[in-house]
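Working notes, structure below.
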Amino acid sequence: MEGVIGGSVAFLPYMNFFESLPSWTQNFLNLLFWSFLIVLYGIFVWKLYRWIAKKDILELNLSRYNTSTSILAKLFGGIIYFLEYIVILPFVVFLWFAVFTIFLLLLTENLEISTLLFISVTVVAAIRMTAYYKEDLARDLAKMIPLTLLGVAITQGLFNFEKFLSQLSLIPQFFSDIWIYLIFIVVVEFFLRVLDILFLAFDLYDESEVKAQE
């Protein structure tokens with residue numbers, strides 16, 4: 001509760017200014033603000049759902065090292081592969097996790113921070129897992145859940161400017177609780193990549209069937 005109160009105090013000058021305006025002006029600004037926010041939300045989801053649902057997000061071209069006869073080149077390619085899929089990729093996925101958590105915070109109510117983080121990381125992990133099975137399925141998950149969340153927020157009347165500002169004040173509380181979720185994402189992505197390498201090595205599946213149809 002202290003976080004909400006603190007956030008309200010921080011935004012008090014803006015709220016006082018807003019409430020001092022004529023009612024028609026407040027309604028106009030409310031309509032403009034939420035319309036603009038929905039547009040931004042829709043664009044963000046549209047741009048990023050394809051990205052997070054791709055099996056190979058970074059798409060470094062490592063095939064050139066496989067065809068090389070140089071041991072040094074192959075070693076360098078292996079190091080890049082390790083950095084991409086074991087170090088860089090989990091942090092990229094974690095960025096989506098952080099953004100999705102903020103979406104949940106702003107578009108829901110009466111949920112504890114721990115619950116928001118749990119929901120967010122399980123959804124992101126599910127998207128990444130399905131990306132190694134079928135990218136089309138992962139895409140459906142990556143866009144369906146955020147858009148459904150938006151629909152629920154609209155129908156439940158959660159679009160309240162003061163509540164929105166109060167929820168924003170809770171975001172810093174995430175920072176002390178996210179390390180376990182970062183480790184979880186790293187572990188999940190690591191095992192997915194190891195399994196992918198093994199399946200490809202033993203020719204257990206056709207990778208072309210995993211890729212999404214453009």
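Every chain in the structure tokens has a letter given in the order shown (A, B, ...), and although residue numbers restart at 1 in each chain, ligands are simply numbered from 1 in the order shown.
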Using only C-alpha atoms, which protein or nucleic acid residues come within 9 Å of A:Leu141? Drop anything in the same chain fewer than 5 positions from it, and give the result as a PyMOL selection string. chain A and resi 49+53+123+126-127+130+136+146
Please provide as number ranges by chain all residues within 8 Å of stretch 111-117 of chain A, with the sequence filter that same-chain residues fewer than 4 positions apart are discarded (counting only C-alpha atoms). A: 101, 104-105, 121, 173-174, 177-178, 181
Can you tell me which residues surround stretch 83-98 of chain A at a distance of at most 8 Å, considering only C-alpha atoms, apart from same-chain residues fewer than 6 positions away, and format the answer as JSON, numbers by chain? {"A": [52, 57, 58, 60, 120, 121, 124, 182, 185, 186, 189, 190, 193]}
Quick one: write out the picked residues with C-alpha atoms as a short mmCIF file (atom, residue, chain, number, x, y, z; two decimals), in the first residue's frame?
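Listing of again16.cif after writing:
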```
data_model
loop_
_atom_site.label_atom_id
_atom_site.label_comp_id
_atom_site.auth_asym_id
_atom_site.auth_seq_id
_atom_site.Cartn_x
_atom_site.Cartn_y
_atom_site.Cartn_z
CA ILE A 52 9.66 -13.74 -29.40
CA ILE A 57 15.61 -15.04 -32.43
CA LEU A 58 19.06 -13.61 -33.12
CA LEU A 60 23.51 -15.27 -36.43
CA SER A 120 4.58 -13.64 -16.78
CA VAL A 121 7.53 -16.02 -16.65
CA VAL A 124 7.09 -16.49 -21.74
CA LEU A 182 16.13 -14.73 -14.97
CA ILE A 185 14.70 -18.43 -18.30
CA VAL A 186 18.42 -19.11 -18.81
CA GLU A 189 16.57 -21.79 -23.02
CA PHE A 190 19.74 -23.78 -22.40
CA ARG A 193 18.86 -25.56 -27.25
#
```
Atom CA of A:Thr148 to atom CA of A:Val45, straight-line distance in Å: 11.5 Å
Find the residue from A:Tyr41, A:Leu195, A:Phe100, A:Lys55 that sits nearest to A:Phe118; use only C-alpha atoms when measuring. A:Phe100
Pairwise distance, atom CA of A:Lys211 with atom CA of A:Tyr132, equals 8.7 Å
Spatial neighbours of A:Leu150, max dist 12 Å, only C-alpha atoms, sep filter under 2 positions, as a PDB file with N, CA and C atoms, in the first residue's frame:
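Result file follows (around_8.pdb):
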```
ATOM      1  N   TRP A  34      -6.069   7.171 -23.573  1.00  0.00           N
ATOM      2  CA  TRP A  34      -6.275   5.726 -23.637  1.00  0.00           C
ATOM      3  C   TRP A  34      -6.286   5.209 -25.074  1.00  0.00           C
ATOM      4  N   LEU A  37      -2.706   4.986 -25.961  1.00  0.00           N
ATOM      5  CA  LEU A  37      -2.070   3.880 -25.249  1.00  0.00           C
ATOM      6  C   LEU A  37      -2.420   2.538 -25.881  1.00  0.00           C
ATOM      7  N   ILE A  38      -3.687   2.378 -26.307  1.00  0.00           N
ATOM      8  CA  ILE A  38      -4.103   1.136 -26.959  1.00  0.00           C
ATOM      9  C   ILE A  38      -3.375   0.962 -28.291  1.00  0.00           C
ATOM     10  N   VAL A  39      -3.217   2.066 -29.026  1.00  0.00           N
ATOM     11  CA  VAL A  39      -2.489   2.005 -30.297  1.00  0.00           C
ATOM     12  C   VAL A  39      -1.044   1.557 -30.058  1.00  0.00           C
ATOM     13  N   LEU A  40      -0.393   2.174 -29.076  1.00  0.00           N
ATOM     14  CA  LEU A  40       0.988   1.806 -28.762  1.00  0.00           C
ATOM     15  C   LEU A  40       1.084   0.340 -28.338  1.00  0.00           C
ATOM     16  N   TYR A  41       0.144  -0.085 -27.524  1.00  0.00           N
ATOM     17  CA  TYR A  41       0.117  -1.469 -27.062  1.00  0.00           C
ATOM     18  C   TYR A  41      -0.042  -2.432 -28.245  1.00  0.00           C
ATOM     19  N   GLY A  42      -0.991  -2.107 -29.132  1.00  0.00           N
ATOM     20  CA  GLY A  42      -1.220  -2.958 -30.297  1.00  0.00           C
ATOM     21  C   GLY A  42      -0.003  -3.032 -31.208  1.00  0.00           C
ATOM     22  N   VAL A  45       2.740  -5.197 -29.504  1.00  0.00           N
ATOM     23  CA  VAL A  45       2.440  -6.630 -29.576  1.00  0.00           C
ATOM     24  C   VAL A  45       2.622  -7.144 -31.000  1.00  0.00           C
ATOM     25  N   PHE A 100       6.210  -7.865 -20.484  1.00  0.00           N
ATOM     26  CA  PHE A 100       4.923  -8.529 -20.290  1.00  0.00           C
ATOM     27  C   PHE A 100       4.457  -8.386 -18.840  1.00  0.00           C
ATOM     28  N   PHE A 103       2.914  -5.075 -18.554  1.00  0.00           N
ATOM     29  CA  PHE A 103       1.572  -5.116 -19.126  1.00  0.00           C
ATOM     30  C   PHE A 103       0.574  -5.674 -18.112  1.00  0.00           C
ATOM     31  N   LEU A 104       0.951  -6.783 -17.463  1.00  0.00           N
ATOM     32  CA  LEU A 104       0.064  -7.389 -16.479  1.00  0.00           C
ATOM     33  C   LEU A 104      -0.218  -6.431 -15.331  1.00  0.00           C
ATOM     34  N   LEU A 105       0.809  -5.723 -14.916  1.00  0.00           N
ATOM     35  CA  LEU A 105       0.648  -4.776 -13.807  1.00  0.00           C
ATOM     36  C   LEU A 105      -0.336  -3.676 -14.152  1.00  0.00           C
ATOM     37  N   LEU A 106      -0.215  -3.141 -15.363  1.00  0.00           N
ATOM     38  CA  LEU A 106      -1.033  -1.994 -15.750  1.00  0.00           C
ATOM     39  C   LEU A 106      -2.457  -2.383 -16.148  1.00  0.00           C
ATOM     40  N   LEU A 107      -2.642  -3.627 -16.585  1.00  0.00           N
ATOM     41  CA  LEU A 107      -3.948  -4.030 -17.101  1.00  0.00           C
ATOM     42  C   LEU A 107      -4.702  -4.970 -16.176  1.00  0.00           C
ATOM     43  N   THR A 108      -4.173  -5.218 -14.994  1.00  0.00           N
ATOM     44  CA  THR A 108      -4.876  -6.039 -14.016  1.00  0.00           C
ATOM     45  C   THR A 108      -4.900  -5.297 -12.683  1.00  0.00           C
ATOM     46  N   LYS A 143       0.679 -13.590 -29.303  1.00  0.00           N
ATOM     47  CA  LYS A 143      -0.218 -12.467 -29.586  1.00  0.00           C
ATOM     48  C   LYS A 143      -1.569 -12.614 -28.897  1.00  0.00           C
ATOM     49  N   MET A 144      -2.007 -13.866 -28.695  1.00  0.00           N
ATOM     50  CA  MET A 144      -3.338 -14.087 -28.129  1.00  0.00           C
ATOM     51  C   MET A 144      -3.411 -13.609 -26.676  1.00  0.00           C
ATOM     52  N   ILE A 145      -2.410 -13.944 -25.882  1.00  0.00           N
ATOM     53  CA  ILE A 145      -2.467 -13.626 -24.454  1.00  0.00           C
ATOM     54  C   ILE A 145      -2.430 -12.120 -24.208  1.00  0.00           C
ATOM     55  N   PRO A 146      -1.504 -11.352 -24.811  1.00  0.00           N
ATOM     56  CA  PRO A 146      -1.526  -9.898 -24.583  1.00  0.00           C
ATOM     57  C   PRO A 146      -2.801  -9.226 -25.082  1.00  0.00           C
ATOM     58  N   LEU A 147      -3.311  -9.673 -26.239  1.00  0.00           N
ATOM     59  CA  LEU A 147      -4.529  -9.058 -26.764  1.00  0.00           C
ATOM     60  C   LEU A 147      -5.754  -9.434 -25.931  1.00  0.00           C
ATOM     61  N   THR A 148      -5.784 -10.670 -25.426  1.00  0.00           N
ATOM     62  CA  THR A 148      -6.865 -11.069 -24.524  1.00  0.00           C
ATOM     63  C   THR A 148      -6.822 -10.261 -23.244  1.00  0.00           C
ATOM     64  N   VAL A 152      -9.814  -7.939 -21.718  1.00  0.00           N
ATOM     65  CA  VAL A 152     -10.336  -8.065 -20.350  1.00  0.00           C
ATOM     66  C   VAL A 152     -10.247  -6.728 -19.625  1.00  0.00           C
ATOM     67  N   ALA A 153      -9.132  -6.022 -19.817  1.00  0.00           N
ATOM     68  CA  ALA A 153      -8.951  -4.724 -19.165  1.00  0.00           C
ATOM     69  C   ALA A 153     -10.014  -3.733 -19.626  1.00  0.00           C
ATOM     70  N   ILE A 154     -10.355  -3.759 -20.914  1.00  0.00           N
ATOM     71  CA  ILE A 154     -11.361  -2.846 -21.445  1.00  0.00           C
ATOM     72  C   ILE A 154     -12.737  -3.171 -20.881  1.00  0.00           C
ATOM     73  N   THR A 155     -13.106  -4.449 -20.898  1.00  0.00           N
ATOM     74  CA  THR A 155     -14.446  -4.842 -20.468  1.00  0.00           C
ATOM     75  C   THR A 155     -14.649  -4.692 -18.963  1.00  0.00           C
ATOM     76  N   GLN A 156     -13.561  -4.783 -18.198  1.00  0.00           N
ATOM     77  CA  GLN A 156     -13.678  -4.659 -16.743  1.00  0.00           C
ATOM     78  C   GLN A 156     -13.511  -3.220 -16.263  1.00  0.00           C
ATOM     79  N   GLY A 157     -13.331  -2.309 -17.184  1.00  0.00           N
ATOM     80  CA  GLY A 157     -13.251  -0.912 -16.813  1.00  0.00           C
ATOM     81  C   GLY A 157     -12.022  -0.547 -16.007  1.00  0.00           C
ATOM     82  N   LEU A 158     -10.888  -1.154 -16.358  1.00  0.00           N
ATOM     83  CA  LEU A 158      -9.668  -0.889 -15.610  1.00  0.00           C
ATOM     84  C   LEU A 158      -8.948   0.366 -16.093  1.00  0.00           C
ATOM     85  N   PHE A 159      -9.486   1.007 -17.107  1.00  0.00           N
ATOM     86  CA  PHE A 159      -8.822   2.186 -17.655  1.00  0.00           C
ATOM     87  C   PHE A 159      -9.166   3.409 -16.812  1.00  0.00           C
TER      88      PHE A 159
END
```
